[in-house]
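K.L.:
Sharing a structure below in structure tokens format, with a few things to ask.
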Amino acid sequence: YNIDNNILDLYKNIESKGKLIDRRNPQSVGKGLVYYYLKKMNVDISPAKFGKLTKLSESTLINIVNEIDSILYDEGRDMNRNPGIQSEN
């Protein structure tokens with residue numbers, strides 16, 4: 001697997017397709033893409049832990065990941081849709 005290319009492909013699929021994504025800090029979107037990819041690869045890391053490691057709030061991470069999921073699912077690119085990422089609280 002080439003993780004960099006897989007995440008870049010994800011970005012190309014969501015680029016300019018979501019109002020929230022377009023208005024977010026690019027670093028935050030990048031972190032959201034990495035987390036989305038990790039969840040698709042069944043890596044066991046919570047939004048709280050990933051957020052702490054990357055200095056991104058859990059709520060921002062959850063919002064970005066859920067928007068990514070929504071964009072990809074609505075376009076038919078991700079038929080194995082996650083039920084959405086939610087806070088542990």
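Naming scheme: A, B, ... for chains in displayed order of the structure tokens; residues 1 onward per chain; ligands 1 onward as shown.
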Set the distance at 9 Å and use only C-alpha atoms: which residues neighbour region 31-40 of chain A once local chain neighbours fewer than 2 positions away are removed? I'd like the list as a PDB file with all heavy atoms, in the first residue's frame.

P.N.:
```
ATOM      1  N   ILE A   3       0.292   4.642   1.208  1.00  0.00           N
ATOM      2  CA  ILE A   3      -0.668   5.424   1.988  1.00  0.00           C
ATOM      3  C   ILE A   3      -0.782   6.847   1.467  1.00  0.00           C
ATOM      4  O   ILE A   3      -1.893   7.384   1.360  1.00  0.00           O
ATOM      5  CB  ILE A   3      -0.285   5.400   3.483  1.00  0.00           C
ATOM      6  CG1 ILE A   3      -0.429   3.985   4.017  1.00  0.00           C
ATOM      7  CG2 ILE A   3      -1.132   6.372   4.287  1.00  0.00           C
ATOM      8  CD1 ILE A   3       0.118   3.783   5.403  1.00  0.00           C
ATOM      9  N   ASN A   6      -3.001   6.922  -1.564  1.00  0.00           N
ATOM     10  CA  ASN A   6      -4.393   6.619  -1.223  1.00  0.00           C
ATOM     11  C   ASN A   6      -5.083   7.828  -0.604  1.00  0.00           C
ATOM     12  O   ASN A   6      -6.228   8.128  -0.924  1.00  0.00           O
ATOM     13  CB  ASN A   6      -4.464   5.434  -0.263  1.00  0.00           C
ATOM     14  CG  ASN A   6      -4.091   4.127  -0.937  1.00  0.00           C
ATOM     15  OD1 ASN A   6      -4.133   4.007  -2.152  1.00  0.00           O
ATOM     16  ND2 ASN A   6      -3.710   3.157  -0.139  1.00  0.00           N
ATOM     17  N   ILE A   7      -4.393   8.525   0.276  1.00  0.00           N
ATOM     18  CA  ILE A   7      -4.972   9.714   0.912  1.00  0.00           C
ATOM     19  C   ILE A   7      -5.100  10.839  -0.100  1.00  0.00           C
ATOM     20  O   ILE A   7      -6.103  11.554  -0.125  1.00  0.00           O
ATOM     21  CB  ILE A   7      -4.155  10.125   2.151  1.00  0.00           C
ATOM     22  CG1 ILE A   7      -4.295   9.031   3.217  1.00  0.00           C
ATOM     23  CG2 ILE A   7      -4.618  11.479   2.685  1.00  0.00           C
ATOM     24  CD1 ILE A   7      -3.407   9.183   4.411  1.00  0.00           C
ATOM     25  N   LEU A   8      -4.129  10.974  -0.984  1.00  0.00           N
ATOM     26  CA  LEU A   8      -4.207  11.984  -2.047  1.00  0.00           C
ATOM     27  C   LEU A   8      -5.386  11.695  -2.972  1.00  0.00           C
ATOM     28  O   LEU A   8      -6.120  12.611  -3.359  1.00  0.00           O
ATOM     29  CB  LEU A   8      -2.898  12.037  -2.847  1.00  0.00           C
ATOM     30  CG  LEU A   8      -2.801  13.099  -3.922  1.00  0.00           C
ATOM     31  CD1 LEU A   8      -2.977  14.502  -3.339  1.00  0.00           C
ATOM     32  CD2 LEU A   8      -1.455  13.004  -4.626  1.00  0.00           C
ATOM     33  N   LEU A  10      -8.142  10.196  -2.108  1.00  0.00           N
ATOM     34  CA  LEU A  10      -9.330  10.588  -1.345  1.00  0.00           C
ATOM     35  C   LEU A  10      -9.554  12.093  -1.460  1.00  0.00           C
ATOM     36  O   LEU A  10     -10.669  12.551  -1.691  1.00  0.00           O
ATOM     37  CB  LEU A  10      -9.175  10.227   0.134  1.00  0.00           C
ATOM     38  CG  LEU A  10      -9.449   8.808   0.549  1.00  0.00           C
ATOM     39  CD1 LEU A  10      -9.097   8.618   2.023  1.00  0.00           C
ATOM     40  CD2 LEU A  10     -10.893   8.433   0.306  1.00  0.00           C
ATOM     41  N   TYR A  11      -8.480  12.857  -1.309  1.00  0.00           N
ATOM     42  CA  TYR A  11      -8.610  14.312  -1.393  1.00  0.00           C
ATOM     43  C   TYR A  11      -9.125  14.741  -2.765  1.00  0.00           C
ATOM     44  O   TYR A  11     -10.012  15.586  -2.867  1.00  0.00           O
ATOM     45  CB  TYR A  11      -7.282  15.014  -1.094  1.00  0.00           C
ATOM     46  CG  TYR A  11      -7.386  16.495  -1.305  1.00  0.00           C
ATOM     47  CD1 TYR A  11      -8.088  17.279  -0.401  1.00  0.00           C
ATOM     48  CD2 TYR A  11      -6.861  17.095  -2.438  1.00  0.00           C
ATOM     49  CE1 TYR A  11      -8.236  18.644  -0.610  1.00  0.00           C
ATOM     50  CE2 TYR A  11      -7.007  18.456  -2.651  1.00  0.00           C
ATOM     51  CZ  TYR A  11      -7.695  19.216  -1.734  1.00  0.00           C
ATOM     52  OH  TYR A  11      -7.855  20.556  -1.952  1.00  0.00           O
ATOM     53  N   PRO A  26      -6.756  23.837   5.571  1.00  0.00           N
ATOM     54  CA  PRO A  26      -6.250  22.680   4.811  1.00  0.00           C
ATOM     55  C   PRO A  26      -5.581  21.619   5.692  1.00  0.00           C
ATOM     56  O   PRO A  26      -5.712  20.427   5.423  1.00  0.00           O
ATOM     57  CB  PRO A  26      -5.237  23.294   3.845  1.00  0.00           C
ATOM     58  CG  PRO A  26      -5.648  24.713   3.710  1.00  0.00           C
ATOM     59  CD  PRO A  26      -6.252  25.095   5.032  1.00  0.00           C
ATOM     60  N   GLN A  27      -4.895  22.043   6.748  1.00  0.00           N
ATOM     61  CA  GLN A  27      -4.266  21.068   7.642  1.00  0.00           C
ATOM     62  C   GLN A  27      -5.322  20.237   8.357  1.00  0.00           C
ATOM     63  O   GLN A  27      -5.132  19.038   8.566  1.00  0.00           O
ATOM     64  CB  GLN A  27      -3.368  21.776   8.671  1.00  0.00           C
ATOM     65  CG  GLN A  27      -2.111  22.357   8.066  1.00  0.00           C
ATOM     66  CD  GLN A  27      -2.314  23.759   7.489  1.00  0.00           C
ATOM     67  OE1 GLN A  27      -3.418  24.307   7.502  1.00  0.00           O
ATOM     68  NE2 GLN A  27      -1.258  24.341   6.960  1.00  0.00           N
ATOM     69  N   SER A  28      -6.434  20.865   8.722  1.00  0.00           N
ATOM     70  CA  SER A  28      -7.516  20.132   9.382  1.00  0.00           C
ATOM     71  C   SER A  28      -8.142  19.113   8.440  1.00  0.00           C
ATOM     72  O   SER A  28      -8.433  17.981   8.840  1.00  0.00           O
ATOM     73  CB  SER A  28      -8.595  21.103   9.882  1.00  0.00           C
ATOM     74  OG  SER A  28      -8.055  21.979  10.844  1.00  0.00           O
ATOM     75  N   VAL A  29      -8.338  19.506   7.193  1.00  0.00           N
ATOM     76  CA  VAL A  29      -8.881  18.575   6.196  1.00  0.00           C
ATOM     77  C   VAL A  29      -7.915  17.408   5.996  1.00  0.00           C
ATOM     78  O   VAL A  29      -8.335  16.244   5.937  1.00  0.00           O
ATOM     79  CB  VAL A  29      -9.172  19.280   4.859  1.00  0.00           C
ATOM     80  CG1 VAL A  29      -9.587  18.281   3.785  1.00  0.00           C
ATOM     81  CG2 VAL A  29     -10.243  20.342   5.042  1.00  0.00           C
ATOM     82  N   ASN A  42      -9.461  -0.124   9.238  1.00  0.00           N
ATOM     83  CA  ASN A  42      -9.776  -0.776  10.513  1.00  0.00           C
ATOM     84  C   ASN A  42      -8.700  -0.591  11.581  1.00  0.00           C
ATOM     85  O   ASN A  42      -8.481  -1.478  12.410  1.00  0.00           O
ATOM     86  CB  ASN A  42     -10.077  -2.266  10.308  1.00  0.00           C
ATOM     87  CG  ASN A  42     -11.313  -2.469   9.487  1.00  0.00           C
ATOM     88  OD1 ASN A  42     -12.326  -1.827   9.717  1.00  0.00           O
ATOM     89  ND2 ASN A  42     -11.228  -3.328   8.487  1.00  0.00           N
ATOM     90  N   VAL A  43      -8.032   0.552  11.545  1.00  0.00           N
ATOM     91  CA  VAL A  43      -7.083   0.888  12.606  1.00  0.00           C
ATOM     92  C   VAL A  43      -7.898   1.359  13.809  1.00  0.00           C
ATOM     93  O   VAL A  43      -8.785   2.202  13.684  1.00  0.00           O
ATOM     94  CB  VAL A  43      -6.102   1.993  12.145  1.00  0.00           C
ATOM     95  CG1 VAL A  43      -5.215   2.448  13.282  1.00  0.00           C
ATOM     96  CG2 VAL A  43      -5.270   1.499  10.967  1.00  0.00           C
ATOM     97  N   ASP A  44      -7.605   0.800  14.948  1.00  0.00           N
ATOM     98  CA  ASP A  44      -8.373   1.096  16.156  1.00  0.00           C
ATOM     99  C   ASP A  44      -7.791   2.310  16.877  1.00  0.00           C
ATOM    100  O   ASP A  44      -6.883   2.174  17.701  1.00  0.00           O
ATOM    101  CB  ASP A  44      -8.379  -0.122  17.077  1.00  0.00           C
ATOM    102  CG  ASP A  44      -9.273   0.071  18.284  1.00  0.00           C
ATOM    103  OD1 ASP A  44     -10.211   0.892  18.203  1.00  0.00           O
ATOM    104  OD2 ASP A  44      -9.028  -0.603  19.298  1.00  0.00           O
ATOM    105  N   ILE A  45      -8.303   3.487  16.529  1.00  0.00           N
ATOM    106  CA  ILE A  45      -7.915   4.720  17.208  1.00  0.00           C
ATOM    107  C   ILE A  45      -9.160   5.595  17.321  1.00  0.00           C
ATOM    108  O   ILE A  45      -9.899   5.763  16.350  1.00  0.00           O
ATOM    109  CB  ILE A  45      -6.757   5.455  16.494  1.00  0.00           C
ATOM    110  CG1 ILE A  45      -6.314   6.672  17.310  1.00  0.00           C
ATOM    111  CG2 ILE A  45      -7.121   5.820  15.069  1.00  0.00           C
ATOM    112  CD1 ILE A  45      -5.003   7.277  16.857  1.00  0.00           C
ATOM    113  N   PRO A  47     -11.492   9.003  17.904  1.00  0.00           N
ATOM    114  CA  PRO A  47     -11.381  10.400  17.478  1.00  0.00           C
ATOM    115  C   PRO A  47     -10.691  11.259  18.544  1.00  0.00           C
ATOM    116  O   PRO A  47      -9.917  12.153  18.216  1.00  0.00           O
ATOM    117  CB  PRO A  47     -12.829  10.854  17.281  1.00  0.00           C
ATOM    118  CG  PRO A  47     -13.632   9.620  17.166  1.00  0.00           C
ATOM    119  CD  PRO A  47     -12.886   8.546  17.884  1.00  0.00           C
ATOM    120  N   PHE A  50      -6.841  10.450  18.363  1.00  0.00           N
ATOM    121  CA  PHE A  50      -6.260  10.990  17.130  1.00  0.00           C
ATOM    122  C   PHE A  50      -6.225  12.517  17.206  1.00  0.00           C
ATOM    123  O   PHE A  50      -5.238  13.141  16.835  1.00  0.00           O
ATOM    124  CB  PHE A  50      -7.056  10.534  15.910  1.00  0.00           C
ATOM    125  CG  PHE A  50      -6.430  10.939  14.608  1.00  0.00           C
ATOM    126  CD1 PHE A  50      -5.442  10.163  14.029  1.00  0.00           C
ATOM    127  CD2 PHE A  50      -6.819  12.103  13.955  1.00  0.00           C
ATOM    128  CE1 PHE A  50      -4.853  10.539  12.826  1.00  0.00           C
ATOM    129  CE2 PHE A  50      -6.246  12.483  12.759  1.00  0.00           C
ATOM    130  CZ  PHE A  50      -5.262  11.694  12.190  1.00  0.00           C
ATOM    131  N   GLY A  51      -7.305  13.109  17.700  1.00  0.00           N
ATOM    132  CA  GLY A  51      -7.357  14.559  17.841  1.00  0.00           C
ATOM    133  C   GLY A  51      -6.279  15.081  18.760  1.00  0.00           C
ATOM    134  O   GLY A  51      -5.631  16.097  18.480  1.00  0.00           O
ATOM    135  N   THR A  54      -2.877  14.902  17.017  1.00  0.00           N
ATOM    136  CA  THR A  54      -2.704  15.836  15.895  1.00  0.00           C
ATOM    137  C   THR A  54      -3.073  17.271  16.239  1.00  0.00           C
ATOM    138  O   THR A  54      -3.027  18.141  15.370  1.00  0.00           O
ATOM    139  CB  THR A  54      -3.554  15.388  14.690  1.00  0.00           C
ATOM    140  OG1 THR A  54      -4.934  15.392  15.065  1.00  0.00           O
ATOM    141  CG2 THR A  54      -3.129  14.014  14.194  1.00  0.00           C
ATOM    142  N   LEU A  56      -6.017  18.518  16.960  1.00  0.00           N
ATOM    143  CA  LEU A  56      -7.263  18.877  16.287  1.00  0.00           C
ATOM    144  C   LEU A  56      -8.396  18.497  17.230  1.00  0.00           C
ATOM    145  O   LEU A  56      -8.403  17.394  17.778  1.00  0.00           O
ATOM    146  CB  LEU A  56      -7.397  18.109  14.967  1.00  0.00           C
ATOM    147  CG  LEU A  56      -8.595  18.417  14.088  1.00  0.00           C
ATOM    148  CD1 LEU A  56      -8.509  19.849  13.553  1.00  0.00           C
ATOM    149  CD2 LEU A  56      -8.652  17.441  12.912  1.00  0.00           C
ATOM    150  N   THR A  60     -14.167  18.871  15.652  1.00  0.00           N
ATOM    151  CA  THR A  60     -13.775  19.253  14.287  1.00  0.00           C
ATOM    152  C   THR A  60     -13.445  18.017  13.471  1.00  0.00           C
ATOM    153  O   THR A  60     -13.876  17.875  12.325  1.00  0.00           O
ATOM    154  CB  THR A  60     -12.574  20.223  14.317  1.00  0.00           C
ATOM    155  OG1 THR A  60     -12.967  21.411  15.014  1.00  0.00           O
ATOM    156  CG2 THR A  60     -12.106  20.578  12.912  1.00  0.00           C
ATOM    157  N   LEU A  61     -12.695  17.105  14.068  1.00  0.00           N
ATOM    158  CA  LEU A  61     -12.334  15.860  13.380  1.00  0.00           C
ATOM    159  C   LEU A  61     -13.587  15.082  12.982  1.00  0.00           C
ATOM    160  O   LEU A  61     -13.714  14.642  11.839  1.00  0.00           O
ATOM    161  CB  LEU A  61     -11.442  15.006  14.282  1.00  0.00           C
ATOM    162  CG  LEU A  61     -11.048  13.640  13.734  1.00  0.00           C
ATOM    163  CD1 LEU A  61     -10.216  13.781  12.464  1.00  0.00           C
ATOM    164  CD2 LEU A  61     -10.299  12.843  14.788  1.00  0.00           C
ATOM    165  N   ILE A  62     -14.511  14.936  13.900  1.00  0.00           N
ATOM    166  CA  ILE A  62     -15.744  14.192  13.621  1.00  0.00           C
ATOM    167  C   ILE A  62     -16.530  14.854  12.488  1.00  0.00           C
ATOM    168  O   ILE A  62     -17.005  14.167  11.577  1.00  0.00           O
ATOM    169  CB  ILE A  62     -16.595  14.075  14.901  1.00  0.00           C
ATOM    170  CG1 ILE A  62     -15.915  13.131  15.884  1.00  0.00           C
ATOM    171  CG2 ILE A  62     -18.006  13.599  14.583  1.00  0.00           C
ATOM    172  CD1 ILE A  62     -16.492  13.166  17.287  1.00  0.00           C
ATOM    173  N   ASN A  63     -16.645  16.165  12.530  1.00  0.00           N
ATOM    174  CA  ASN A  63     -17.377  16.870  11.467  1.00  0.00           C
ATOM    175  C   ASN A  63     -16.723  16.679  10.107  1.00  0.00           C
ATOM    176  O   ASN A  63     -17.409  16.445   9.104  1.00  0.00           O
ATOM    177  CB  ASN A  63     -17.483  18.359  11.794  1.00  0.00           C
ATOM    178  CG  ASN A  63     -18.446  18.636  12.916  1.00  0.00           C
ATOM    179  OD1 ASN A  63     -19.348  17.857  13.182  1.00  0.00           O
ATOM    180  ND2 ASN A  63     -18.249  19.754  13.594  1.00  0.00           N
ATOM    181  N   ILE A  64     -15.410  16.791  10.047  1.00  0.00           N
ATOM    182  CA  ILE A  64     -14.699  16.636   8.772  1.00  0.00           C
ATOM    183  C   ILE A  64     -14.847  15.206   8.249  1.00  0.00           C
ATOM    184  O   ILE A  64     -15.167  14.989   7.077  1.00  0.00           O
ATOM    185  CB  ILE A  64     -13.215  17.014   8.919  1.00  0.00           C
ATOM    186  CG1 ILE A  64     -13.083  18.523   9.135  1.00  0.00           C
ATOM    187  CG2 ILE A  64     -12.415  16.581   7.684  1.00  0.00           C
ATOM    188  CD1 ILE A  64     -11.688  18.975   9.510  1.00  0.00           C
ATOM    189  N   VAL A  65     -14.635  14.224   9.103  1.00  0.00           N
ATOM    190  CA  VAL A  65     -14.715  12.817   8.680  1.00  0.00           C
ATOM    191  C   VAL A  65     -16.125  12.468   8.209  1.00  0.00           C
ATOM    192  O   VAL A  65     -16.298  11.793   7.187  1.00  0.00           O
ATOM    193  CB  VAL A  65     -14.249  11.883   9.817  1.00  0.00           C
ATOM    194  CG1 VAL A  65     -14.561  10.427   9.502  1.00  0.00           C
ATOM    195  CG2 VAL A  65     -12.753  12.055  10.055  1.00  0.00           C
ATOM    196  N   ASN A  66     -17.127  12.948   8.916  1.00  0.00           N
ATOM    197  CA  ASN A  66     -18.495  12.664   8.495  1.00  0.00           C
ATOM    198  C   ASN A  66     -18.831  13.348   7.171  1.00  0.00           C
ATOM    199  O   ASN A  66     -19.569  12.791   6.353  1.00  0.00           O
ATOM    200  CB  ASN A  66     -19.488  13.050   9.590  1.00  0.00           C
ATOM    201  CG  ASN A  66     -19.462  12.071  10.741  1.00  0.00           C
ATOM    202  OD1 ASN A  66     -19.049  10.931  10.599  1.00  0.00           O
ATOM    203  ND2 ASN A  66     -19.881  12.520  11.902  1.00  0.00           N
ATOM    204  N   ILE A  68     -16.592  13.997   4.764  1.00  0.00           N
ATOM    205  CA  ILE A  68     -15.868  13.195   3.767  1.00  0.00           C
ATOM    206  C   ILE A  68     -16.688  11.954   3.429  1.00  0.00           C
ATOM    207  O   ILE A  68     -16.898  11.629   2.258  1.00  0.00           O
ATOM    208  CB  ILE A  68     -14.465  12.807   4.286  1.00  0.00           C
ATOM    209  CG1 ILE A  68     -13.565  14.039   4.369  1.00  0.00           C
ATOM    210  CG2 ILE A  68     -13.830  11.732   3.388  1.00  0.00           C
ATOM    211  CD1 ILE A  68     -12.279  13.804   5.157  1.00  0.00           C
ATOM    212  N   ASP A  69     -17.150  11.268   4.449  1.00  0.00           N
ATOM    213  CA  ASP A  69     -17.951  10.058   4.257  1.00  0.00           C
ATOM    214  C   ASP A  69     -19.201  10.354   3.438  1.00  0.00           C
ATOM    215  O   ASP A  69     -19.547   9.615   2.514  1.00  0.00           O
ATOM    216  CB  ASP A  69     -18.314   9.477   5.621  1.00  0.00           C
ATOM    217  CG  ASP A  69     -18.972   8.126   5.521  1.00  0.00           C
ATOM    218  OD1 ASP A  69     -18.355   7.219   4.921  1.00  0.00           O
ATOM    219  OD2 ASP A  69     -20.086   7.975   6.030  1.00  0.00           O
ATOM    220  N   ASN A  80     -19.064   0.994   1.011  1.00  0.00           N
ATOM    221  CA  ASN A  80     -18.914   0.414   2.350  1.00  0.00           C
ATOM    222  C   ASN A  80     -18.911   1.544   3.367  1.00  0.00           C
ATOM    223  O   ASN A  80     -17.966   1.736   4.098  1.00  0.00           O
ATOM    224  CB  ASN A  80     -17.626  -0.391   2.447  1.00  0.00           C
ATOM    225  CG  ASN A  80     -17.612  -1.544   1.489  1.00  0.00           C
ATOM    226  OD1 ASN A  80     -18.622  -2.234   1.342  1.00  0.00           O
ATOM    227  ND2 ASN A  80     -16.502  -1.750   0.821  1.00  0.00           N
ATOM    228  N   ASN A  82     -19.132   4.007   6.330  1.00  0.00           N
ATOM    229  CA  ASN A  82     -19.086   3.964   7.798  1.00  0.00           C
ATOM    230  C   ASN A  82     -20.385   4.567   8.297  1.00  0.00           C
ATOM    231  O   ASN A  82     -20.926   5.464   7.674  1.00  0.00           O
ATOM    232  CB  ASN A  82     -17.919   4.812   8.313  1.00  0.00           C
ATOM    233  CG  ASN A  82     -16.583   4.148   8.095  1.00  0.00           C
ATOM    234  OD1 ASN A  82     -16.500   2.936   7.970  1.00  0.00           O
ATOM    235  ND2 ASN A  82     -15.534   4.920   8.042  1.00  0.00           N
TER     236      ASN A  82
END
```

K.L.:
When DSSP is applied to the backbone of this structure, which of region 5-84 of chain A are assigned helix (DSSP H, G or I)? Write them out as a PyMOL selection string.

P.N.:
chain A and resi 5-14+19-23+26-40+47-54+58-74

K.L.:
Grab the CA of Asp4 (chain A) to CA of Ser46 (chain A) distance for me, in Å with one decimal place.

P.N.:
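One can read the CA of Asp4 (chain A) to CA of Ser46 (chain A) distance as 21.2 Å.
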
K.L.:
Set the distance at 9 Å and use only C-alpha atoms: which residues neighbour Ile14 (chain A) once local chain neighbours fewer than 4 positions away are removed? I'd like the list as a compact mmCIF listing (two decimals) with N, CA, C and O atoms, in the first residue's frame.

P.N.:
```
# COMPACT_ATOMS: atom_id res chain seq x y z
N ASP A 9 -5.62 10.44 -3.29
CA ASP A 9 -6.78 10.07 -4.12
C ASP A 9 -8.08 10.43 -3.41
O ASP A 9 -9.02 10.91 -4.05
N LEU A 10 -8.14 10.20 -2.11
CA LEU A 10 -9.33 10.59 -1.34
C LEU A 10 -9.55 12.09 -1.46
O LEU A 10 -10.67 12.55 -1.69
N GLY A 18 -17.68 19.95 -1.01
CA GLY A 18 -18.40 20.12 0.24
C GLY A 18 -18.18 21.52 0.79
O GLY A 18 -17.06 22.00 0.85
N ILE A 21 -15.93 21.46 3.87
CA ILE A 21 -14.57 21.08 3.50
C ILE A 21 -13.85 22.26 2.86
O ILE A 21 -12.70 22.55 3.19
N ILE A 68 -16.59 14.00 4.76
CA ILE A 68 -15.87 13.20 3.77
C ILE A 68 -16.69 11.95 3.43
O ILE A 68 -16.90 11.63 2.26
N ILE A 71 -19.75 12.88 1.30
CA ILE A 71 -19.40 13.22 -0.10
C ILE A 71 -19.10 11.96 -0.89
O ILE A 71 -19.62 11.76 -1.99
N LEU A 72 -18.26 11.09 -0.36
CA LEU A 72 -17.87 9.88 -1.09
C LEU A 72 -19.05 8.94 -1.27
O LEU A 72 -19.20 8.32 -2.32
```

K.L.:
When you draw a straight line from CA of Glu58 (chain A) to CA of Asn5 (chain A), how long is it in Å?

P.N.:
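Those two atoms sit 25.2 Å apart.
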
K.L.:
Report, in Å to a single decimal, how far apart CA of Lys52 (chain A) and CA of Arg23 (chain A) are.

P.N.:
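Taking CA of Arg23 (chain A) as the start and CA of Lys52 (chain A) as the end point, the length is 22.2 Å.
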